[in-house]
>>> print(open('input_10.pdb').read())   # PDB, C-alpha atoms and all ligand atoms
ATOM      1  CA  MET A   1     -12.493 -36.012   9.256
ATOM      2  CA  THR A   2     -11.286 -32.492   9.987
ATOM      3  CA  ALA A   3     -12.552 -31.182  13.303
ATOM      4  CA  PRO A   4     -14.616 -28.012  12.967
ATOM      5  CA  VAL A   5     -12.599 -24.856  13.588
ATOM      6  CA  PRO A   6     -14.015 -22.767  16.415
ATOM      7  CA  GLY A   7     -15.050 -19.280  15.340
ATOM      8  CA  SER A   8     -15.213 -20.246  11.688
ATOM      9  CA  ALA A   9     -17.406 -17.195  11.020
ATOM     10  CA  ALA A  10     -14.113 -15.301  11.085
ATOM     11  CA  LEU A  11     -12.941 -17.206   7.994
ATOM     12  CA  ALA A  12     -14.704 -14.888   5.562
ATOM     13  CA  PHE A  13     -12.476 -13.095   3.063
ATOM     14  CA  VAL A  14     -12.794 -10.630   0.212
ATOM     15  CA  LYS A  15     -10.165 -10.316  -2.510
ATOM     16  CA  ALA A  16      -9.922  -6.726  -3.717
ATOM     17  CA  HIS A  17      -7.597  -4.413  -5.596
ATOM     18  CA  GLY A  18      -7.000  -0.758  -6.333
ATOM     19  CA  THR A  19      -5.233  -0.188  -9.680
ATOM     20  CA  GLY A  20      -3.809  -3.701  -9.476
ATOM     21  CA  ASN A  21      -2.441  -3.381  -5.920
ATOM     22  CA  ASP A  22      -4.204  -6.408  -4.437
ATOM     23  CA  PHE A  23      -5.258  -7.343  -0.954
ATOM     24  CA  VAL A  24      -6.915 -10.064   1.068
ATOM     25  CA  LEU A  25      -9.535  -8.357   3.234
ATOM     26  CA  LEU A  26     -10.601 -10.117   6.433
ATOM     27  CA  PRO A  27     -13.774  -8.613   7.908
ATOM     28  CA  ASP A  28     -13.445  -8.860  11.698
ATOM     29  CA  PRO A  29     -16.425  -6.926  13.113
ATOM     30  CA  GLN A  30     -15.981  -8.345  16.621
ATOM     31  CA  GLY A  31     -12.215  -7.760  16.739
ATOM     32  CA  GLU A  32     -11.515 -11.445  17.350
ATOM     33  CA  LEU A  33      -8.910 -12.198  14.735
ATOM     34  CA  ALA A  34      -5.138 -11.992  15.203
ATOM     35  CA  LEU A  35      -3.665 -11.035  11.828
ATOM     36  CA  THR A  36      -0.141 -12.234  12.533
ATOM     37  CA  ALA A  37       2.922 -12.020  10.306
ATOM     38  CA  ALA A  38       2.832 -15.739   9.514
ATOM     39  CA  LEU A  39      -0.889 -15.747   8.725
ATOM     40  CA  THR A  40      -0.398 -12.752   6.429
ATOM     41  CA  ARG A  41       2.411 -14.503   4.575
ATOM     42  CA  ALA A  42       0.226 -17.610   4.161
ATOM     43  CA  LEU A  43      -2.752 -15.575   2.871
ATOM     44  CA  CYS A  44      -0.623 -13.505   0.478
ATOM     45  CA  ASP A  45       1.284 -16.493  -0.956
ATOM     46  CA  ARG A  46       0.388 -16.530  -4.678
ATOM     47  CA  HIS A  47       0.765 -20.303  -4.953
ATOM     48  CA  LEU A  48      -0.279 -21.702  -1.578
ATOM     49  CA  GLY A  49      -2.695 -18.979  -0.431
ATOM     50  CA  LEU A  50      -5.091 -16.458  -1.973
ATOM     51  CA  GLY A  51      -2.318 -14.161  -3.140
ATOM     52  CA  GLY A  52      -1.954 -10.470  -2.438
ATOM     53  CA  ASP A  53       0.419  -7.561  -1.955
ATOM     54  CA  GLY A  54      -0.944  -7.290   1.569
ATOM     55  CA  ALA A  55      -3.614  -8.455   3.996
ATOM     56  CA  ILE A  56      -6.042  -6.151   5.754
ATOM     57  CA  ARG A  57      -8.143  -6.940   8.815
ATOM     58  CA  LEU A  58     -11.236  -4.737   8.889
ATOM     59  CA  ALA A  59     -11.439  -4.232  12.630
ATOM     60  CA  PRO A  60     -13.838  -2.226  14.806
ATOM     61  CA  GLY A  61     -13.091   1.531  14.750
ATOM     62  CA  GLU A  62     -12.381   1.484  18.515
ATOM     63  CA  GLU A  63      -9.129  -0.345  17.743
ATOM     64  CA  SER A  64      -7.908   2.579  15.658
ATOM     65  CA  PRO A  65      -4.779   4.002  17.331
ATOM     66  CA  GLY A  66      -5.466   7.513  18.586
ATOM     67  CA  ASP A  67      -9.000   7.732  17.161
ATOM     68  CA  PRO A  68     -11.581   5.281  18.510
ATOM     69  CA  SER A  69     -14.274   7.307  16.693
ATOM     70  CA  ALA A  70     -13.143   5.936  13.287
ATOM     71  CA  ASP A  71     -15.824   3.883  11.494
ATOM     72  CA  VAL A  72     -13.432   0.997  10.852
ATOM     73  CA  PHE A  73      -9.759   0.269  11.528
ATOM     74  CA  MET A  74      -7.562  -0.840   8.620
ATOM     75  CA  ASP A  75      -5.152  -3.301  10.262
ATOM     76  CA  TYR A  76      -2.665  -3.592   7.391
ATOM     77  CA  ARG A  77       0.287  -5.928   6.839
ATOM     78  CA  ASN A  78       2.580  -6.242   3.816
ATOM     79  CA  ALA A  79       2.898  -9.611   2.035
ATOM     80  CA  ASP A  80       6.100 -10.391   3.984
ATOM     81  CA  GLY A  81       4.160 -10.005   7.240
ATOM     82  CA  SER A  82       5.541  -6.599   8.218
ATOM     83  CA  VAL A  83       3.194  -3.961   9.595
ATOM     84  CA  ALA A  84       2.866  -0.685   7.666
ATOM     85  CA  GLU A  85       1.459   2.604   8.857
ATOM     86  CA  MET A  86      -0.739   3.306   5.874
ATOM     87  CA  CYS A  87      -1.946   1.921   2.536
ATOM     88  CA  GLY A  88      -3.489   4.348   0.055
ATOM     89  CA  ASN A  89      -5.019   1.750  -2.269
ATOM     90  CA  GLY A  90      -6.095  -0.458   0.618
ATOM     91  CA  VAL A  91      -7.972   2.406   2.260
ATOM     92  CA  ARG A  92     -10.207   2.743  -0.834
ATOM     93  CA  CYS A  93     -10.853  -1.025  -0.847
ATOM     94  CA  VAL A  94     -11.805  -0.926   2.843
ATOM     95  CA  ALA A  95     -14.143   2.036   2.300
ATOM     96  CA  LYS A  96     -15.777   0.346  -0.694
ATOM     97  CA  TYR A  97     -16.345  -2.810   1.365
ATOM     98  CA  VAL A  98     -18.110  -0.786   4.059
ATOM     99  CA  VAL A  99     -20.152   1.469   1.742
ATOM    100  CA  ASP A 100     -21.301  -1.369  -0.521
ATOM    101  CA  ARG A 101     -22.866  -3.028   2.523
ATOM    102  CA  ALA A 102     -24.473   0.083   4.052
ATOM    103  CA  PRO A 103     -27.211   1.543   1.828
ATOM    104  CA  GLY A 104     -27.272   5.340   1.881
ATOM    105  CA  LEU A 105     -23.678   5.743   3.041
ATOM    106  CA  ASP A 106     -21.250   7.650   0.817
ATOM    107  CA  ARG A 107     -18.458   8.611   3.210
ATOM    108  CA  VAL A 108     -16.369   6.533   5.633
ATOM    109  CA  ARG A 109     -13.699   7.417   8.185
ATOM    110  CA  VAL A 110     -11.077   4.689   7.980
ATOM    111  CA  GLY A 111      -8.598   4.483  10.857
ATOM    112  CA  SER A 112      -4.974   3.603  10.080
ATOM    113  CA  ARG A 113      -1.711   3.610  12.023
ATOM    114  CA  ALA A 114      -1.038   6.972  10.332
ATOM    115  CA  GLY A 115      -4.297   8.588  11.419
ATOM    116  CA  THR A 116      -7.901   8.499  10.257
ATOM    117  CA  LYS A 117      -8.576   9.021   6.528
ATOM    118  CA  GLU A 118     -11.874  10.362   5.181
ATOM    119  CA  VAL A 119     -12.907   8.475   2.092
ATOM    120  CA  ALA A 120     -15.774   9.686  -0.125
ATOM    121  CA  VAL A 121     -17.561   7.946  -2.975
ATOM    122  CA  VAL A 122     -16.949   9.665  -6.328
ATOM    123  CA  SER A 123     -18.894   7.361  -8.648
ATOM    124  CA  ARG A 124     -20.912   4.152  -8.621
ATOM    125  CA  HIS A 125     -21.682   1.375 -11.079
ATOM    126  CA  PRO A 126     -25.244   1.304 -12.481
ATOM    127  CA  ASP A 127     -26.146  -1.325  -9.846
ATOM    128  CA  GLY A 128     -25.155   1.075  -7.052
ATOM    129  CA  ARG A 129     -21.867  -0.565  -6.080
ATOM    130  CA  VAL A 130     -18.964   1.802  -5.570
ATOM    131  CA  ASP A 131     -16.576   2.352  -8.476
ATOM    132  CA  ARG A 132     -14.279   5.282  -7.604
ATOM    133  CA  LEU A 133     -13.402   6.967  -4.317
ATOM    134  CA  ARG A 134     -11.479  10.024  -3.161
ATOM    135  CA  VAL A 135      -9.257   9.872  -0.075
ATOM    136  CA  ASP A 136      -8.064  12.754   2.050
ATOM    137  CA  MET A 137      -4.559  11.417   2.598
ATOM    138  CA  GLY A 138      -3.549  14.195   4.987
ATOM    139  CA  ALA A 139      -0.492  16.408   4.730
ATOM    140  CA  PRO A 140       2.599  14.991   3.016
ATOM    141  CA  GLU A 141       5.915  15.716   4.668
ATOM    142  CA  VAL A 142       8.916  16.348   2.425
ATOM    143  CA  LEU A 143      11.857  15.097   4.483
ATOM    144  CA  ALA A 144      14.558  16.031   1.934
ATOM    145  CA  ASP A 145      14.347  17.210  -1.652
ATOM    146  CA  ASP A 146      17.904  16.121  -2.431
ATOM    147  CA  HIS A 147      18.711  13.048  -0.372
ATOM    148  CA  PRO A 148      22.036  11.719  -1.735
ATOM    149  CA  LEU A 149      22.244   7.938  -2.100
ATOM    150  CA  THR A 150      25.046   5.798  -3.455
ATOM    151  CA  VAL A 151      23.990   2.353  -4.560
ATOM    152  CA  GLY A 152      26.361  -0.034  -6.301
ATOM    153  CA  GLY A 153      28.762   2.817  -7.023
ATOM    154  CA  THR A 154      26.084   5.013  -8.650
ATOM    155  CA  ARG A 155      24.994   8.295  -7.064
ATOM    156  CA  PHE A 156      21.319   9.187  -6.896
ATOM    157  CA  SER A 157      19.364  12.129  -5.574
ATOM    158  CA  ALA A 158      16.069  11.162  -3.975
ATOM    159  CA  VAL A 159      13.136  13.216  -2.803
ATOM    160  CA  THR A 160      12.164  11.596   0.496
ATOM    161  CA  VAL A 161       8.548  11.981   1.545
ATOM    162  CA  SER A 162       6.477  10.698   4.447
ATOM    163  CA  MET A 163       2.855   9.889   3.713
ATOM    164  CA  GLY A 164       2.657   8.361   7.185
ATOM    165  CA  ASN A 165       4.885   5.669   5.654
ATOM    166  CA  PRO A 166       8.297   6.363   4.082
ATOM    167  CA  HIS A 167       9.061   6.943   0.389
ATOM    168  CA  ALA A 168      12.215   7.701  -1.620
ATOM    169  CA  VAL A 169      11.462   9.013  -5.115
ATOM    170  CA  LEU A 170      13.961   9.193  -7.994
ATOM    171  CA  VAL A 171      13.332  11.226 -11.149
ATOM    172  CA  VAL A 172      14.411   9.300 -14.248
ATOM    173  CA  GLU A 173      14.224   9.718 -18.024
ATOM    174  CA  ASP A 174      12.268   6.547 -18.678
ATOM    175  CA  VAL A 175      10.717   4.460 -15.889
ATOM    176  CA  ASP A 176      10.646   1.363 -18.104
ATOM    177  CA  ILE A 177      14.420   1.008 -18.348
ATOM    178  CA  VAL A 178      15.133   1.313 -14.624
ATOM    179  CA  PRO A 179      16.359  -2.027 -13.128
ATOM    180  CA  LEU A 180      13.952  -1.711 -10.216
ATOM    181  CA  ALA A 181      14.407  -5.329  -9.131
ATOM    182  CA  ARG A 182      18.017  -4.435  -8.201
ATOM    183  CA  LEU A 183      17.662  -0.786  -7.249
ATOM    184  CA  GLY A 184      14.479  -1.287  -5.181
ATOM    185  CA  PRO A 185      15.788  -3.711  -2.548
ATOM    186  CA  ALA A 186      19.114  -1.864  -2.254
ATOM    187  CA  ILE A 187      17.373   1.432  -1.438
ATOM    188  CA  GLU A 188      14.555  -0.211   0.590
ATOM    189  CA  THR A 189      17.141  -1.579   3.024
ATOM    190  CA  HIS A 190      19.690   1.257   2.796
ATOM    191  CA  THR A 191      21.136   2.225   6.163
ATOM    192  CA  ASP A 192      19.811   5.788   5.706
ATOM    193  CA  PHE A 193      16.283   4.435   6.206
ATOM    194  CA  GLY A 194      16.022   2.850   9.634
ATOM    195  CA  GLN A 195      12.493   1.542   9.090
ATOM    196  CA  GLY A 196      13.132   0.724   5.417
ATOM    197  CA  THR A 197      11.488   2.701   2.647
ATOM    198  CA  ASN A 198       9.227   2.359  -0.357
ATOM    199  CA  VAL A 199      11.081   3.260  -3.547
ATOM    200  CA  GLU A 200       9.548   5.035  -6.541
ATOM    201  CA  VAL A 201      10.857   6.101  -9.936
ATOM    202  CA  ILE A 202       9.036   8.771 -11.933
ATOM    203  CA  ALA A 203       9.370  10.441 -15.313
ATOM    204  CA  PRO A 204       7.494  13.534 -16.515
ATOM    205  CA  LEU A 205       5.058  12.960 -19.405
ATOM    206  CA  GLY A 206       3.938  16.594 -19.835
ATOM    207  CA  GLY A 207       0.560  18.178 -19.193
ATOM    208  CA  GLY A 208       0.520  17.429 -15.459
ATOM    209  CA  ARG A 209       1.119  13.730 -16.050
ATOM    210  CA  ILE A 210       3.896  11.529 -14.733
ATOM    211  CA  ALA A 211       4.749   7.868 -15.257
ATOM    212  CA  GLY A 212       5.779   5.885 -12.203
ATOM    213  CA  ARG A 213       6.853   2.503 -10.944
ATOM    214  CA  ILE A 214       7.118   1.394  -7.334
ATOM    215  CA  TRP A 215       9.132  -1.039  -5.268
ATOM    216  CA  GLU A 216       7.124  -1.508  -2.083
ATOM    217  CA  ARG A 217       8.767  -2.048   1.257
ATOM    218  CA  GLY A 218       7.824  -5.526   2.442
ATOM    219  CA  VAL A 219       6.361  -6.569  -0.911
ATOM    220  CA  GLY A 220       8.569  -5.982  -3.977
ATOM    221  CA  GLU A 221       7.509  -4.368  -7.232
ATOM    222  CA  THR A 222       3.741  -3.847  -7.314
ATOM    223  CA  LEU A 223       1.415  -2.528 -10.007
ATOM    224  CA  ALA A 224       0.478   0.563  -8.003
ATOM    225  CA  SER A 225       0.546   2.259  -4.632
ATOM    226  CA  GLY A 226      -1.703   4.990  -3.265
ATOM    227  CA  THR A 227       0.812   6.416  -0.820
ATOM    228  CA  GLY A 228       3.444   5.863  -3.525
ATOM    229  CA  ALA A 229       1.467   7.861  -6.116
ATOM    230  CA  SER A 230       1.061  10.596  -3.503
ATOM    231  CA  ALA A 231       4.813  10.712  -2.850
ATOM    232  CA  MET A 232       5.492  10.661  -6.609
ATOM    233  CA  ALA A 233       3.205  13.672  -7.160
ATOM    234  CA  VAL A 234       4.787  15.534  -4.248
ATOM    235  CA  ALA A 235       8.302  14.821  -5.558
ATOM    236  CA  ALA A 236       7.384  15.837  -9.111
ATOM    237  CA  HIS A 237       5.884  19.076  -7.801
ATOM    238  CA  GLN A 238       8.918  19.658  -5.592
ATOM    239  CA  ARG A 239      11.199  19.337  -8.634
ATOM    240  CA  GLY A 240       9.018  21.744 -10.661
ATOM    241  CA  LEU A 241       7.788  19.078 -13.115
ATOM    242  CA  VAL A 242       4.049  19.428 -12.458
ATOM    243  CA  GLY A 243       1.532  21.758 -10.864
ATOM    244  CA  ARG A 244      -0.954  20.777  -8.168
ATOM    245  CA  GLU A 245      -3.178  18.467 -10.248
ATOM    246  CA  VAL A 246      -1.179  15.370 -11.117
ATOM    247  CA  THR A 247      -2.172  12.295 -13.089
ATOM    248  CA  VAL A 248       0.045   9.392 -12.062
ATOM    249  CA  THR A 249       0.221   6.559 -14.590
ATOM    250  CA  LEU A 250       1.332   3.298 -13.001
ATOM    251  CA  PRO A 251       1.627  -0.217 -14.440
ATOM    252  CA  GLY A 252      -1.765  -1.089 -12.892
ATOM    253  CA  GLY A 253      -3.684   2.046 -13.867
ATOM    254  CA  THR A 254      -4.031   5.736 -13.170
ATOM    255  CA  LEU A 255      -4.453   7.648  -9.917
ATOM    256  CA  ASP A 256      -5.388  11.337  -9.747
ATOM    257  CA  VAL A 257      -3.587  13.327  -7.086
ATOM    258  CA  ARG A 258      -4.458  16.839  -6.007
ATOM    259  CA  LEU A 259      -1.972  18.758  -3.885
ATOM    260  CA  ASP A 260      -3.869  21.184  -1.713
ATOM    261  CA  ASP A 261      -2.353  23.033   1.167
ATOM    262  CA  PRO A 262      -1.957  21.309   3.563
ATOM    263  CA  THR A 263      -3.729  18.122   2.500
ATOM    264  CA  LEU A 264      -3.380  15.805  -0.478
ATOM    265  CA  TRP A 265      -6.247  13.972  -2.216
ATOM    266  CA  VAL A 266      -6.062  10.745  -4.173
ATOM    267  CA  THR A 267      -8.892   9.588  -6.437
ATOM    268  CA  GLY A 268      -9.002   6.124  -7.944
ATOM    269  CA  PRO A 269     -10.920   2.887  -8.375
ATOM    270  CA  ALA A 270     -11.554   0.024  -5.975
ATOM    271  CA  VAL A 271     -12.581  -3.402  -7.209
ATOM    272  CA  GLU A 272     -13.880  -6.479  -5.401
ATOM    273  CA  VAL A 273     -12.740  -9.609  -7.210
ATOM    274  CA  ALA A 274     -14.194 -12.399  -5.086
ATOM    275  CA  SER A 275     -15.496 -13.232  -1.671
ATOM    276  CA  GLY A 276     -15.858 -16.491   0.188
ATOM    277  CA  GLN A 277     -14.752 -18.563   3.124
ATOM    278  CA  LEU A 278     -11.241 -19.815   3.744
ATOM    279  CA  ASP A 279     -11.092 -23.588   3.900
ATOM    280  CA  PRO A 280     -10.981 -24.580   7.591
ATOM    281  CA  ALA A 281      -8.288 -27.197   6.911
ATOM    282  CA  TRP A 282      -6.093 -24.632   5.114
ATOM    283  CA  TRP A 283      -6.728 -22.160   7.918
ATOM    284  CA  GLY A 284      -5.723 -24.778  10.497
ATOM    285  CA  GLN A 285      -2.506 -25.496   8.631
ATOM    286  CA  ALA A 286      -1.731 -21.795   8.243
ATOM    287  CA  ARG A 287      -2.167 -21.384  11.989
ATOM    288  CA  ALA A 288      -0.011 -24.409  12.708
ATOM    289  CA  GLY A 289       2.692 -22.858  10.514
ATOM    290  CA  GLU A 290       2.268 -19.681  12.503
ATOM    291  CA  ALA A 291       3.122 -21.488  15.734
ATOM    292  CA  GLU A 292       6.410 -22.697  14.197
ATOM    293  CA  SER A 293       7.230 -19.326  12.662
ATOM    294  CA  THR A 294       9.591 -16.804  14.194
ATOM    295  CA  GLY A 295       6.929 -14.117  13.624
ATOM    296  CA  ASP A 296       7.744 -10.665  12.283
ATOM    297  CA  PRO A 297      10.352 -10.222   9.560
ATOM    298  CA  ALA A 298      13.753  -8.910  10.600
ATOM    299  CA  PRO A 299      14.053  -5.125  10.600
ATOM    300  CA  SER A 300      15.893  -3.525   7.697
ATOM    301  CA  GLY A 301      19.666  -3.728   7.786
ATOM    302  CA  ASP A 302      22.552  -2.521   5.676
ATOM    303  CA  ALA A 303      22.232  -2.064   1.951
ATOM    304  CA  PRO A 304      23.098  -5.418   0.348
ATOM    305  CA  PRO A 305      26.044  -5.554  -2.046
ATOM    306  CA  THR A 306      24.828  -4.999  -5.564
ATOM    307  CA  ASP A 307      26.235  -5.230  -9.041
ATOM    308  CA  GLU A 308      23.873  -2.509 -10.165
ATOM    309  CA  PRO A 309      24.936  -1.305 -13.626
ATOM    310  CA  THR A 310      25.884   2.351 -13.741
ATOM    311  CA  THR A 311      23.406   3.069 -16.558
ATOM    312  CA  THR A 312      20.070   3.308 -14.787
ATOM    313  CA  GLY A 313      18.397   6.160 -16.606
ATOM    314  CA  VAL A 314      18.252   8.042 -13.292
ATOM    315  CA  MET A 315      18.541  11.789 -13.784
TER     316      MET A 315
HETATM  317  N1  LIG A 401       0.243  -0.456  -1.240
HETATM  318  C1  LIG A 401       0.265   0.619  -0.367
HETATM  319  C2  LIG A 401       1.396   0.798   0.555
HETATM  320  C3  LIG A 401       1.521  -0.385   1.513
HETATM  321  C4  LIG A 401       2.549  -0.200   2.599
HETATM  322  C5  LIG A 401       3.973  -0.120   2.115
HETATM  323  N2  LIG A 401       4.424  -1.295   1.427
HETATM  324  C6  LIG A 401       4.881   0.185   3.303
HETATM  325  O1  LIG A 401       5.497  -0.732   3.868
HETATM  326  O2  LIG A 401       4.944   1.351   3.690
HETATM  327  C7  LIG A 401      -0.396   1.870  -0.859
HETATM  328  O3  LIG A 401      -1.275   1.738  -1.730
HETATM  329  O4  LIG A 401      -0.144   2.947  -0.341
END
>>> encode(input="input_10.pdb", output="structure tokens")
Amino acid sequence: MTAPVPGSAALAFVKAHGTGNDFVLLPDPQGELALTAALTRALCDRHLGLGGDGAIRLAPGEESPGDPSADVFMDYRNADGSVAEMCGNGVRCVAKYVVDRAPGLDRVRVGSRAGTKEVAVVSRHPDGRVDRLRVDMGAPEVLADDHPLTVGGTRFSAVTVSMGNPHAVLVVEDVDIVPLARLGPAIETHTDFGQGTNVEVIAPLGGGRIAGRIWERGVGETLASGTGASAMAVAAHQRGLVGREVTVTLPGGTLDVRLDDPTLWVTGPAVEVASGQLDPAWWGQARAGEAESTGDPAPSGDAPPTDEPTTTGVM
């Protein structure tokens, strides 16, 4: 018989997504849980765990770096176990979790490693549960609007943007023909980006709309990204392709971005898929694996050699 796991109340999880960017949420109201790199990898494993692009511990607001007055702290890790500063889709999922369990609430201040984000409910389902939310993402920072990159012998010009986390955006003719599985990791780990970078490709669709795909640092290609959509809108605006209201169409759905001065707003859905308890035996094994693990993934290094074809559709 399996011995009971102490503190098993902390085994509760919620599986959620925002435009197909999916997360394992771990409510930790007492701040008792250590969301380690190895535990994150085990949770996010799509075969041996619950599966997710990242794991998020919903910790007490007092843990929020620099702002203990936040309502909740979003302790975020990518699927490979690395810590990220911010997650734009995750922040909506966290806010929905809180609001859906607090009647009368329609606004939450979610702490992140990139500051506290105000999230407001935009619409609800007929049963009162939250459907769409708007996030004040703060001020984007354009680091370079023509960052030259050579990958596999091909020259690119990226718009590099910080949304608290790093992004390199390439404008292309058609996002669907870009070999992102090769280009993404090469740019993610390029020596120009000491902490690694998220990589986005965008193409103008007209009428304030852009199409985008993303290669997430620490994850791989995902269906969507909130900080990524923000960086895409900023880059498109920077290159004169759109105005200040931008509809970003991603493989997992659409996010609406508004570029105000100085802040940027993202509006989109948040969905809860399931909730339950992790199996104590699985949890025990995941923790045992953690003890054997070397912990955090290695920091980014040199760009790997690539046989990237020269025809990428990048403009
Ligand atoms: N999915 C996110 C971004 C998550 C962090 C990113 N992979 C990084 O390492 O910076 C989003 O919705 O913004």
>>> resolve_selection(input="input_10.pdb", expression="the PyMOL selection byres (((chain A and resi 283-286) around 9) and not hetatm)", output="ChimeraX atom specification")
/A:5,11,38-39,42-43,278-282,287-291
>>> residues_near_ligand(input="input_10.pdb", ligand="ligand LIG 401 (chain A)", cutoff="7 Å", atoms="all atoms listed in the file", output="list of chain:residue names")
A:Asn21, A:Asn78, A:Val83, A:Ala84, A:Glu85, A:Met86, A:Cys87, A:Gly88, A:Asn89, A:Gly90, A:Asn165, A:Pro166, A:Thr197, A:Asn198, A:Glu216, A:Arg217, A:Gly218, A:Val219, A:Ala224, A:Ser225, A:Gly226, A:Thr227, A:Gly228
>>> closest_residue(input="input_10.pdb", among="A:Pro185, A:Gly115, A:Thr160, A:Gly51", to="A:Asp146", atoms="only C-alpha atoms")
A:Thr160
>>> resolve_selection(input="input_10.pdb", expression="the PyMOL selection byres (((chain A and resi 269) around 6) and not hetatm)", output="number ranges by chain")
A: 18, 131-132, 268, 270
>>> residues_around(input="input_10.pdb", residues="stretch 22-26 of chain A", least_positions_apart="3", cutoff="7 Å", atoms="only C-alpha atoms", output="mmCIF file with C-alpha atoms, keeping the file's coordinate frame")
data_model
loop_
_atom_site.group_PDB
_atom_site.id
_atom_site.type_symbol
_atom_site.label_atom_id
_atom_site.label_comp_id
_atom_site.auth_asym_id
_atom_site.auth_seq_id
_atom_site.Cartn_x
_atom_site.Cartn_y
_atom_site.Cartn_z
ATOM 1 C CA ALA A 12 -14.704 -14.888 5.562
ATOM 2 C CA PHE A 13 -12.476 -13.095 3.063
ATOM 3 C CA VAL A 14 -12.794 -10.630 0.212
ATOM 4 C CA LYS A 15 -10.165 -10.316 -2.510
ATOM 5 C CA ALA A 16 -9.922 -6.726 -3.717
ATOM 6 C CA HIS A 17 -7.597 -4.413 -5.596
ATOM 7 C CA GLY A 18 -7.000 -0.758 -6.333
ATOM 8 C CA GLY A 52 -1.954 -10.470 -2.438
ATOM 9 C CA ASP A 53 0.419 -7.561 -1.955
ATOM 10 C CA GLY A 54 -0.944 -7.290 1.569
ATOM 11 C CA ALA A 55 -3.614 -8.455 3.996
ATOM 12 C CA ILE A 56 -6.042 -6.151 5.754
ATOM 13 C CA ARG A 57 -8.143 -6.940 8.815
ATOM 14 C CA LEU A 58 -11.236 -4.737 8.889
#
>>> atom_distance(input="input_10.pdb", atom1="atom CA of A:Ala158", atom2="atom CA of A:Thr247")
20.4 Å
>>> resolve_selection(input="input_10.pdb", expression="the PyMOL selection byres (((chain A and resi 68) around 12) and not hetatm)", output="MDAnalysis selection string")
chainID A and resid 59:67 69:73 109:113 115:116
>>> atom_distance(input="input_10.pdb", atom1="atom CA of A:Leu250", atom2="atom CA of A:Pro148")
25.0 Å
>>> closest_residue(input="input_10.pdb", among="A:Arg239, A:Leu180, A:Thr19, A:Val273", to="A:Leu50", atoms="only C-alpha atoms")
A:Val273
